[in-house]
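> For reference, this is target_24.csv, and it has CSV, C-alpha atoms (C1' of nucleotides).
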chain,number,residue,atom,x,y,z
A,1,MET,CA,93.5,97.6,90.1
A,2,ARG,CA,95.5,98.6,87.1
A,3,LEU,CA,97.7,96.8,84.7
A,4,THR,CA,100.9,98.6,83.7
A,5,THR,CA,101.1,100.1,80.2
A,6,LYS,CA,103.5,97.3,79.4
A,7,SER,CA,100.6,95.0,79.1
A,8,SER,CA,98.3,97.2,77.1
A,9,TYR,CA,101.1,98.2,74.8
A,10,GLY,CA,102.3,94.7,74.6
A,11,VAL,CA,98.9,93.3,73.6
A,12,ARG,CA,98.4,96.0,71.0
A,13,ALA,CA,101.9,95.4,69.6
A,14,LEU,CA,101.3,91.7,69.3
A,15,ILE,CA,98.0,92.2,67.6
A,16,SER,CA,100.1,93.9,64.9
A,17,LEU,CA,102.4,90.9,64.6
A,18,ALA,CA,99.3,88.7,64.5
A,19,ILE,CA,97.9,90.7,61.6
A,20,MET,CA,101.2,90.3,59.8
A,21,TYR,CA,101.6,86.6,60.7
A,22,ASP,CA,100.5,85.1,57.5
A,23,ARG,CA,102.8,87.2,55.5
A,24,LYS,CA,105.7,85.5,57.2
A,25,ARG,CA,107.6,88.7,57.5
A,26,PRO,CA,109.1,90.1,60.7
A,27,VAL,CA,107.8,93.5,61.8
A,28,PRO,CA,110.4,96.1,63.0
A,29,ILE,CA,109.7,98.0,66.2
A,30,LYS,CA,109.9,101.3,64.4
A,31,ASP,CA,106.8,100.4,62.4
A,32,ILE,CA,104.8,99.4,65.4
A,33,SER,CA,106.0,102.5,67.3
A,34,ARG,CA,104.8,104.8,64.5
A,35,GLU,CA,101.5,103.0,63.9
A,36,GLU,CA,100.5,102.6,67.5
A,37,GLU,CA,102.1,105.8,68.8
A,38,ILE,CA,104.2,104.1,71.5
A,39,SER,CA,107.7,105.1,72.3
A,40,GLY,CA,110.1,102.9,70.3
A,41,VAL,CA,112.7,102.6,73.0
A,42,TYR,CA,110.1,101.6,75.5
A,43,LEU,CA,108.7,99.1,73.1
A,44,GLU,CA,112.2,97.5,72.8
A,45,GLN,CA,112.0,96.8,76.5
A,46,ILE,CA,108.6,95.2,76.1
A,47,PHE,CA,109.7,93.0,73.2
A,48,ASN,CA,112.7,92.0,75.1
A,49,ARG,CA,110.6,90.5,77.8
A,50,LEU,CA,108.3,88.9,75.2
A,51,LYS,CA,111.3,87.3,73.6
A,52,ASN,CA,112.7,86.0,76.9
A,53,GLN,CA,109.3,84.5,77.7
A,54,GLY,CA,109.3,82.8,74.3
A,55,LEU,CA,106.4,84.5,72.7
A,56,VAL,CA,108.3,86.2,69.9
A,57,ARG,CA,111.5,85.7,68.1
A,58,SER,CA,113.8,88.3,66.7
A,59,ILE,CA,115.5,88.6,63.3
A,60,ARG,CA,118.4,91.0,63.2
A,61,GLY,CA,119.7,93.2,60.4
A,62,PRO,CA,117.9,95.0,57.6
A,63,GLY,CA,114.6,93.4,56.8
A,64,GLY,CA,114.5,92.1,60.4
A,65,GLY,CA,112.1,92.7,63.2
A,66,TYR,CA,110.0,90.6,65.5
A,67,ALA,CA,107.6,87.7,64.7
A,68,LEU,CA,105.3,85.5,66.8
A,69,VAL,CA,106.8,82.2,67.6
A,70,ARG,CA,103.5,80.3,67.6
A,71,ASP,CA,100.2,80.7,65.7
A,72,PRO,CA,98.2,83.7,66.9
A,73,SER,CA,95.3,81.4,67.6
A,74,ASP,CA,97.5,79.6,70.0
A,75,ILE,CA,98.6,82.7,72.1
A,76,SER,CA,96.2,84.1,74.6
A,77,VAL,CA,96.2,87.5,76.2
A,78,TYR,CA,96.8,85.8,79.5
A,79,GLU,CA,100.2,84.6,78.3
A,80,VAL,CA,101.1,88.1,77.2
A,81,VAL,CA,100.0,89.7,80.4
A,82,MET,CA,101.9,87.1,82.4
A,83,ALA,CA,105.0,87.7,80.3
A,84,LEU,CA,104.8,91.4,81.0
A,85,GLU,CA,103.4,91.7,84.5
A,86,GLY,CA,104.8,88.5,85.9
A,87,SER,CA,101.6,87.7,87.8
A,88,VAL,CA,98.0,88.3,87.9
A,89,ASN,CA,97.5,88.1,91.7
A,90,PRO,CA,95.6,91.1,93.2
A,91,VAL,CA,97.6,91.0,96.4
A,92,ARG,CA,101.1,90.0,97.4
A,93,CYS,CA,100.2,87.5,100.0
A,94,VAL,CA,98.4,85.2,97.6
A,95,SER,CA,101.6,84.1,96.1
A,96,GLY,CA,102.1,82.1,93.0
A,97,LYS,CA,105.6,80.8,92.9
A,98,GLY,CA,108.2,83.5,92.9
A,99,GLU,CA,106.3,85.9,95.2
A,100,LYS,CA,107.5,86.9,98.6
A,101,LYS,CA,106.2,88.5,101.8
A,102,GLU,CA,103.5,86.2,102.8
A,103,CYS,CA,101.7,88.0,105.6
A,104,GLY,CA,102.0,85.6,108.5
A,105,ARG,CA,98.3,85.3,109.1
A,106,ILE,CA,97.8,83.4,105.8
A,107,ALA,CA,96.5,80.3,107.6
A,108,THR,CA,93.6,82.1,109.1
A,109,CYS,CA,92.9,84.9,106.6
A,110,ALA,CA,89.5,84.5,104.9
A,111,SER,CA,90.0,87.3,102.5
A,112,LYS,CA,92.9,85.6,100.8
A,113,GLU,CA,90.3,83.1,99.4
A,114,VAL,CA,88.6,86.0,97.6
A,115,TRP,CA,91.9,87.2,96.1
A,116,ARG,CA,92.7,83.6,95.0
A,117,GLU,CA,89.4,83.2,93.3
A,118,MET,CA,89.8,86.6,91.7
A,119,ALA,CA,93.2,85.6,90.2
A,120,ARG,CA,91.6,82.4,88.9
A,121,ARG,CA,88.8,84.2,87.2
A,122,ILE,CA,91.2,86.7,85.6
A,123,LYS,CA,93.3,83.9,84.2
A,124,GLU,CA,90.2,82.3,82.8
A,125,THR,CA,89.0,85.5,81.3
A,126,LEU,CA,92.2,86.5,79.6
A,127,GLY,CA,92.8,83.0,78.5
A,128,ASP,CA,89.6,83.2,76.5
A,129,PHE,CA,91.0,85.8,74.1
A,130,SER,CA,93.6,84.7,71.5
A,131,LEU,CA,95.7,87.1,69.4
A,132,ARG,CA,93.9,85.7,66.4
A,133,ASP,CA,90.6,86.8,67.8
A,134,LEU,CA,91.9,90.3,68.5
A,135,ALA,CA,93.6,90.6,65.1
A,136,GLY,CA,90.3,89.6,63.4
A,137,ARG,CA,88.4,92.0,65.5
A,138,THR,CA,90.8,94.8,64.8
A,139,LEU,CA,90.4,94.4,61.0
A,140,GLU,CA,86.6,94.5,61.5
A,141,LEU,CA,86.8,97.7,63.5
A,142,ASP,CA,89.4,99.3,61.3
A,143,PRO,CA,89.3,98.1,57.7
A,144,GLY,CA,91.9,100.8,56.9
A,145,LYS,CA,94.4,98.7,58.8
A,146,ALA,CA,94.0,95.7,56.4
A,147,ARG,CA,94.6,98.1,53.4
A,148,LYS,CA,97.6,99.5,55.1
A,149,ALA,CA,99.1,96.1,55.7
A,150,GLN,CA,98.7,95.3,52.0
A,151,LEU,CA,100.3,98.5,50.9
A,152,TYR,CA,103.2,97.8,53.2
A,153,GLU,CA,103.5,94.4,51.6
A,154,LYS,CA,103.5,95.9,48.1
A,155,SER,CA,106.1,98.5,49.0
A,156,LEU,CA,108.5,95.7,49.8
A,157,SER,CA,108.1,93.7,46.7
B,1,MET,CA,97.7,93.8,88.5
B,2,ARG,CA,97.7,94.7,92.2
B,3,LEU,CA,95.1,96.2,94.4
B,4,THR,CA,96.4,98.7,96.9
B,5,THR,CA,96.7,97.7,100.5
B,6,LYS,CA,93.7,99.9,101.2
B,7,SER,CA,91.5,97.2,99.8
B,8,SER,CA,93.0,94.3,101.5
B,9,TYR,CA,93.2,96.2,104.8
B,10,GLY,CA,89.7,97.5,104.3
B,11,VAL,CA,88.2,94.1,103.7
B,12,ARG,CA,90.0,92.6,106.7
B,13,ALA,CA,88.8,95.5,108.8
B,14,LEU,CA,85.2,95.2,107.7
B,15,ILE,CA,85.3,91.5,108.4
B,16,SER,CA,86.0,92.5,112.0
B,17,LEU,CA,83.0,94.8,112.0
B,18,ALA,CA,80.9,92.0,110.4
B,19,ILE,CA,81.9,89.6,113.2
B,20,MET,CA,80.8,92.2,115.8
B,21,TYR,CA,77.7,93.1,113.9
B,22,ASP,CA,75.3,91.1,115.9
B,23,ARG,CA,76.5,92.6,119.2
B,24,LYS,CA,75.4,96.0,118.0
B,25,ARG,CA,78.4,97.7,119.4
B,26,PRO,CA,80.7,99.9,117.4
B,27,VAL,CA,84.4,98.8,117.1
B,28,PRO,CA,87.1,101.4,117.6
B,29,ILE,CA,89.9,101.7,115.1
B,30,LYS,CA,92.5,101.1,117.8
B,31,ASP,CA,91.1,97.6,118.3
B,32,ILE,CA,91.2,96.7,114.7
B,33,SER,CA,94.6,98.2,114.4
B,34,ARG,CA,96.0,96.1,117.2
B,35,GLU,CA,94.2,92.9,116.2
B,36,GLU,CA,95.1,93.2,112.5
B,37,GLU,CA,98.5,94.8,112.9
B,38,ILE,CA,97.6,97.7,110.6
B,39,SER,CA,98.7,101.3,111.3
B,40,GLY,CA,95.9,103.0,113.1
B,41,VAL,CA,96.4,106.4,111.4
B,42,TYR,CA,96.3,104.7,108.1
B,43,LEU,CA,93.1,102.9,109.0
B,44,GLU,CA,91.5,106.2,109.8
B,45,GLN,CA,92.0,107.2,106.2
B,46,ILE,CA,90.5,104.0,105.0
B,47,PHE,CA,87.5,104.3,107.3
B,48,ASN,CA,87.0,107.8,106.2
B,49,ARG,CA,86.5,106.6,102.6
B,50,LEU,CA,84.3,103.8,103.7
B,51,LYS,CA,82.2,106.3,105.6
B,52,ASN,CA,81.9,108.7,102.7
B,53,GLN,CA,80.8,105.8,100.5
B,54,GLY,CA,78.1,105.0,103.0
B,55,LEU,CA,79.4,101.5,104.0
B,56,VAL,CA,80.0,102.3,107.7
B,57,ARG,CA,78.8,104.9,110.2
B,58,SER,CA,80.8,106.3,113.0
B,59,ILE,CA,80.0,106.9,116.7
B,60,ARG,CA,82.1,109.4,118.5
B,61,GLY,CA,83.3,109.6,122.0
B,62,PRO,CA,84.1,106.9,124.5
B,63,GLY,CA,82.5,103.6,123.6
B,64,GLY,CA,82.4,104.8,120.1
B,65,GLY,CA,83.9,103.4,116.9
B,66,TYR,CA,82.6,102.2,113.6
B,67,ALA,CA,79.8,99.9,112.6
B,68,LEU,CA,78.4,98.6,109.3
B,69,VAL,CA,75.5,100.5,108.0
B,70,ARG,CA,73.8,97.5,106.4
B,71,ASP,CA,73.7,93.8,107.2
B,72,PRO,CA,77.0,92.0,106.4
B,73,SER,CA,75.1,89.6,104.1
B,74,ASP,CA,74.1,92.6,102.0
B,75,ILE,CA,77.7,94.1,101.5
B,76,SER,CA,79.9,92.5,98.9
B,77,VAL,CA,83.7,92.7,98.6
B,78,TYR,CA,83.0,94.5,95.3
B,79,GLU,CA,81.5,97.4,97.1
B,80,VAL,CA,84.4,97.6,99.5
B,81,VAL,CA,86.9,97.6,96.7
B,82,MET,CA,85.0,100.1,94.7
B,83,ALA,CA,84.8,102.4,97.7
B,84,LEU,CA,88.6,102.2,98.3
B,85,GLU,CA,90.0,101.9,94.8
B,86,GLY,CA,87.4,103.9,92.9
B,87,SER,CA,87.4,101.5,90.0
B,88,VAL,CA,88.1,98.0,88.9
B,89,ASN,CA,89.1,98.8,85.4
B,90,PRO,CA,92.5,97.3,84.4
B,91,VAL,CA,93.4,100.1,82.1
B,92,ARG,CA,92.7,103.8,82.1
B,93,CYS,CA,91.1,104.0,78.6
B,94,VAL,CA,88.3,101.7,79.5
B,95,SER,CA,86.6,104.3,81.5
B,96,GLY,CA,83.7,103.9,83.8
B,97,LYS,CA,82.3,107.3,84.7
B,98,GLY,CA,84.8,109.6,86.3
B,99,GLU,CA,87.8,108.4,84.4
B,100,LYS,CA,89.8,110.5,82.0
B,101,LYS,CA,92.4,110.2,79.3
B,102,GLU,CA,90.6,108.1,76.8
B,103,CYS,CA,93.3,107.1,74.3
B,104,GLY,CA,91.9,108.5,71.1
B,105,ARG,CA,92.0,105.2,69.2
B,106,ILE,CA,89.2,103.8,71.4
B,107,ALA,CA,86.8,103.4,68.5
B,108,THR,CA,89.1,101.0,66.7
B,109,CYS,CA,90.9,99.3,69.5
B,110,ALA,CA,90.1,95.6,69.9
B,111,SER,CA,92.0,95.1,73.1
B,112,LYS,CA,89.7,97.4,75.0
B,113,GLU,CA,87.1,94.8,74.6
B,114,VAL,CA,89.3,92.4,76.6
B,115,TRP,CA,89.8,94.9,79.4
B,116,ARG,CA,86.1,95.7,79.5
B,117,GLU,CA,85.3,92.0,79.8
B,118,MET,CA,87.9,91.6,82.5
B,119,ALA,CA,86.4,94.4,84.5
B,120,ARG,CA,83.0,92.8,84.1
B,121,ARG,CA,84.3,89.5,85.4
B,122,ILE,CA,86.1,91.0,88.3
B,123,LYS,CA,82.9,92.8,89.4
B,124,GLU,CA,81.1,89.5,89.1
B,125,THR,CA,83.6,87.7,91.1
B,126,LEU,CA,83.9,90.2,94.0
B,127,GLY,CA,80.2,90.6,94.0
B,128,ASP,CA,79.9,86.9,94.9
B,129,PHE,CA,81.5,87.3,98.3
B,130,SER,CA,79.6,89.0,101.1
B,131,LEU,CA,81.1,90.2,104.4
B,132,ARG,CA,78.9,87.7,106.1
B,133,ASP,CA,80.5,84.9,104.1
B,134,LEU,CA,83.9,86.1,105.0
B,135,ALA,CA,83.1,86.6,108.7
B,136,GLY,CA,81.7,83.1,108.9
B,137,ARG,CA,84.7,81.7,107.1
B,138,THR,CA,87.0,83.6,109.4
B,139,LEU,CA,85.5,82.0,112.5
B,140,GLU,CA,85.9,78.6,110.9
B,141,LEU,CA,89.5,79.2,110.2
B,142,ASP,CA,90.3,80.8,113.5
B,143,PRO,CA,88.0,79.7,116.3
B,144,GLY,CA,90.1,81.7,118.7
B,145,LYS,CA,88.6,84.8,117.2
B,146,ALA,CA,85.1,83.9,118.2
B,147,ARG,CA,86.4,83.3,121.8
B,148,LYS,CA,88.2,86.6,121.8
B,149,ALA,CA,85.1,88.5,120.6
B,150,GLN,CA,83.1,87.0,123.5
B,151,LEU,CA,85.8,87.9,126.0
B,152,TYR,CA,85.7,91.5,124.7
B,153,GLU,CA,82.0,91.4,125.1
B,154,LYS,CA,82.3,90.3,128.7
B,155,SER,CA,85.0,92.8,129.7
B,156,LEU,CA,82.5,95.5,128.7
B,157,SER,CA,79.6,94.4,130.8
C,1,DT,C1',133.3,95.0,52.4
C,2,DA,C1',131.1,99.2,53.9
C,3,DT,C1',126.9,100.7,55.3
C,4,DA,C1',122.7,101.1,57.3
C,5,DA,C1',118.8,98.7,59.3
C,6,DG,C1',117.5,96.8,63.2
C,7,DC,C1',118.0,94.1,67.5
C,8,DT,C1',120.6,94.0,72.6
C,9,DT,C1',122.0,95.5,77.0
C,10,DG,C1',122.3,98.0,81.1
C,11,DA,C1',122.1,102.0,83.4
C,12,DC,C1',119.8,106.2,84.2
C,13,DT,C1',116.0,109.8,85.0
C,14,DT,C1',111.5,111.5,85.7
C,15,DT,C1',106.9,111.2,87.2
C,16,DT,C1',103.2,109.1,89.7
C,17,DT,C1',101.4,106.3,93.1
C,18,DT,C1',101.4,104.1,97.5
C,19,DA,C1',101.8,103.9,102.1
C,20,DG,C1',102.2,105.9,105.4
C,21,DT,C1',103.1,110.4,109.4
C,22,DA,C1',102.1,114.5,111.8
C,23,DA,C1',99.4,117.7,114.1
C,24,DG,C1',95.8,119.6,115.1
C,25,DG,C1',90.9,119.6,115.8
C,26,DT,C1',85.7,118.1,117.4
C,27,DA,C1',82.1,115.4,119.7
C,28,DT,C1',80.5,112.9,123.8
C,29,DA,C1',80.0,109.5,127.7
C,30,DT,C1',81.0,109.4,132.3
D,1,DA,C1',86.4,118.1,133.4
D,2,DT,C1',88.5,114.7,131.1
D,3,DA,C1',89.5,110.8,128.6
D,4,DT,C1',88.0,108.4,124.6
D,5,DA,C1',87.6,108.2,120.0
D,6,DC,C1',86.4,110.2,115.6
D,7,DC,C1',87.7,114.1,111.9
D,8,DT,C1',90.5,116.8,108.6
D,9,DT,C1',94.2,118.5,106.2
D,10,DA,C1',98.6,118.5,105.0
D,11,DC,C1',103.0,116.5,104.5
D,12,DT,C1',106.7,112.9,103.3
D,13,DA,C1',109.4,108.9,102.2
D,14,DA,C1',109.8,105.0,99.4
D,15,DA,C1',108.6,102.3,95.6
D,16,DA,C1',106.9,101.5,91.1
D,17,DA,C1',105.9,102.9,86.5
D,18,DA,C1',107.1,105.0,82.3
D,19,DG,C1',110.4,106.3,79.7
D,20,DT,C1',115.2,107.9,78.0
D,21,DC,C1',120.1,107.4,76.8
D,22,DA,C1',124.3,105.4,75.2
D,23,DA,C1',126.9,102.2,73.2
D,24,DG,C1',127.1,98.0,71.3
D,25,DC,C1',126.2,93.7,68.1
D,26,DT,C1',124.3,91.2,63.6
D,27,DT,C1',123.3,90.8,59.1
D,28,DA,C1',121.2,91.9,54.4
D,29,DT,C1',122.4,94.1,50.5
D,30,DA,C1',124.6,97.4,47.4
Mind converting the file's structure to structure tokens?


Amino acid sequence: MRLTTKSSYGVRALISLAIMYDRKRPVPIKDISREEEISGVYLEQIFNRLKNQGLVRSIRGPGGGYALVRDPSDISVYEVVMALEGSVNPVRCVSGKGEKKECGRIATCASKEVWREMARRIKETLGDFSLRDLAGRTLELDPGKARKAQLYEKSLS
Amino acid sequence: MRLTTKSSYGVRALISLAIMYDRKRPVPIKDISREEEISGVYLEQIFNRLKNQGLVRSIRGPGGGYALVRDPSDISVYEVVMALEGSVNPVRCVSGKGEKKECGRIATCASKEVWREMARRIKETLGDFSLRDLAGRTLELDPGKARKAQLYEKSLS
DNA sequence: TATAAGCTTGACTTTTTTAGTAAGGTATAT
DNA sequence: ATATACCTTACTAAAAAAGTCAAGCTTATA
């Protein structure tokens, strides 16, 4: 019953972008990598997917980096997880769209109803958290982070 | 975001036991294996865990097999999944009891609150389904199964 | 316009987990 | 006795997860 690290890293990374969102400045991967102690090369893969799914956009060259495409209050953790995991179904046979290997006994399998409901509730739950929520909560839990963001800001001007 | 096949097999297998529960007769693994098209040797592993977690008891020798320890209405899918997966947490760092590798930044990590809530809701959801529910639903979906169970009964008397 | 910052792409490797097998044993009803 | 069925430990193959590597492409800025 585990998400891959892509999701947990991805969410943490996007919280960083959310915190920086108002400053209208892209955040380079290297910064997130250092700050969150996540392999930079691995993060690149993750951002690649996020970009392909339309959650972030990229700006190349010096001063470049990644930024959220939409307002953080408009992006839910569900979207991030979907972008990175592809699905939220607990078993293969309860297929969304692109999933294969239905198990044959689908028509008469009662347990599939459990898994379906489970997916529904997970979607609901993750949909309740926006990146803005989490960014706000992060600053509450770690005021140092707000300070750091400001310093970073200053060092650029 | 996947459960292992242990859980889906396990639930399906226990639905079979639930259907047989009233007849007060243990069900041998071989039968479930044939009926549900699941590797018998693999099922043994699964039942081993279920037994260690106190969900089923075993009766050895000819005419033996496995049976539910408690009434099907008193056993939820959550218990089965916990017995077979060990946990329902979507990430390692949100640890229940026996889980390791807390990630150090726990104190200031906002996303962990998402994962915690997610685990809570999964528990809630799976707790809502009892084996009796699923056994009943199975007989609804597949009336042939009820007939088969009766035949099986007859062949023994 | 050279340079360096930073994204882009695809293939590759390593580690861990999953999904089983294999092979022997033990208990027990008949 | 013997066949049925559980019990236990160890092993293995395949897939997935988690990262690494290498070589590029874009663009701001000095």

> Provide as a VMD selection string the residues of chain A at most 8 Å from chain C, counting all atoms listed in the file.

chain A and resid 28 58 to 65

> When you get a sec, could you note down which chain D residues fall within 6 Å of chain B, using only C-alpha atoms (C1' of nucleotides), as a PDB file with C-alpha atoms (C1' of nucleotides), in the coordinates of the input?


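Ended up saving to selection33.pdb:
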ATOM      1  C1'  DT D   4      88.000 108.400 124.600  1.00  0.00           C
ATOM      2  C1'  DA D   5      87.600 108.200 120.000  1.00  0.00           C
ATOM      3  C1'  DC D   6      86.400 110.200 115.600  1.00  0.00           C
TER       4       DC D   6
END

> If I take atom CA of B:Ala18 and atom CA of B:Arg70, how far is one from the other in Å, to one decimal?

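Spanning atom CA of B:Ala18 to atom CA of B:Arg70 is a straight-line distance of 9.8 Å.
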
> What gap, in Å, lies between atom C1' of D:DC11 and atom CA of B:Ile46?

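Computing the Euclidean distance for atom C1' of D:DC11 and atom CA of B:Ile46 yields 17.7 Å.
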
> So that each row is one residue of chain B with an atom at most 7 Å from chain A, can you give its shortest atom pair and the distance in Å to one decimal, using all atoms listed in the file, rows by chain and rising number, as a Markdown table?


| residue | atom | partner | partner_atom | distance |
| --- | --- | --- | --- | --- |
| B:Met1 | CA | A:Leu3 | CA | 4.8 |
| B:Arg2 | CA | A:Pro90 | CA | 4.3 |
| B:Leu3 | CA | A:Met1 | CA | 4.8 |
| B:Arg12 | CA | A:Ser111 | CA | 6.8 |
| B:Val88 | CA | A:Met1 | CA | 5.5 |
| B:Asn89 | CA | A:Met1 | CA | 6.5 |
| B:Pro90 | CA | A:Arg2 | CA | 4.2 |
| B:Val91 | CA | A:Arg2 | CA | 5.6 |
| B:Thr108 | CA | A:Leu141 | CA | 5.1 |
| B:Cys109 | CA | A:Thr138 | CA | 6.5 |
| B:Ala110 | CA | A:Thr138 | CA | 5.2 |
| B:Ser111 | CA | A:Leu134 | CA | 6.6 |
| B:Met118 | CA | A:Thr125 | CA | 6.3 |
| B:Ile122 | CA | A:Met118 | CA | 6.7 |
| B:Thr125 | CA | A:Met118 | CA | 6.3 |
| B:Leu134 | CA | A:Ala110 | CA | 5.8 |
| B:Arg137 | CA | A:Ala110 | CA | 6.0 |
| B:Thr138 | CA | A:Ala110 | CA | 5.2 |
| B:Leu141 | CA | A:Thr108 | CA | 5.1 |
| B:Asp142 | CA | A:Thr108 | CA | 5.7 |

> Those residues with C-alpha atoms, as a PDB file, in the coordinates of the input please?


ATOM      1  CA  MET B   1      97.700  93.800  88.500  1.00  0.00           C
ATOM      2  CA  ARG B   2      97.700  94.700  92.200  1.00  0.00           C
ATOM      3  CA  LEU B   3      95.100  96.200  94.400  1.00  0.00           C
ATOM      4  CA  ARG B  12      90.000  92.600 106.700  1.00  0.00           C
ATOM      5  CA  VAL B  88      88.100  98.000  88.900  1.00  0.00           C
ATOM      6  CA  ASN B  89      89.100  98.800  85.400  1.00  0.00           C
ATOM      7  CA  PRO B  90      92.500  97.300  84.400  1.00  0.00           C
ATOM      8  CA  VAL B  91      93.400 100.100  82.100  1.00  0.00           C
ATOM      9  CA  THR B 108      89.100 101.000  66.700  1.00  0.00           C
ATOM     10  CA  CYS B 109      90.900  99.300  69.500  1.00  0.00           C
ATOM     11  CA  ALA B 110      90.100  95.600  69.900  1.00  0.00           C
ATOM     12  CA  SER B 111      92.000  95.100  73.100  1.00  0.00           C
ATOM     13  CA  MET B 118      87.900  91.600  82.500  1.00  0.00           C
ATOM     14  CA  ILE B 122      86.100  91.000  88.300  1.00  0.00           C
ATOM     15  CA  THR B 125      83.600  87.700  91.100  1.00  0.00           C
ATOM     16  CA  LEU B 134      83.900  86.100 105.000  1.00  0.00           C
ATOM     17  CA  ARG B 137      84.700  81.700 107.100  1.00  0.00           C
ATOM     18  CA  THR B 138      87.000  83.600 109.400  1.00  0.00           C
ATOM     19  CA  LEU B 141      89.500  79.200 110.200  1.00  0.00           C
ATOM     20  CA  ASP B 142      90.300  80.800 113.500  1.00  0.00           C
TER      21      ASP B 142
END
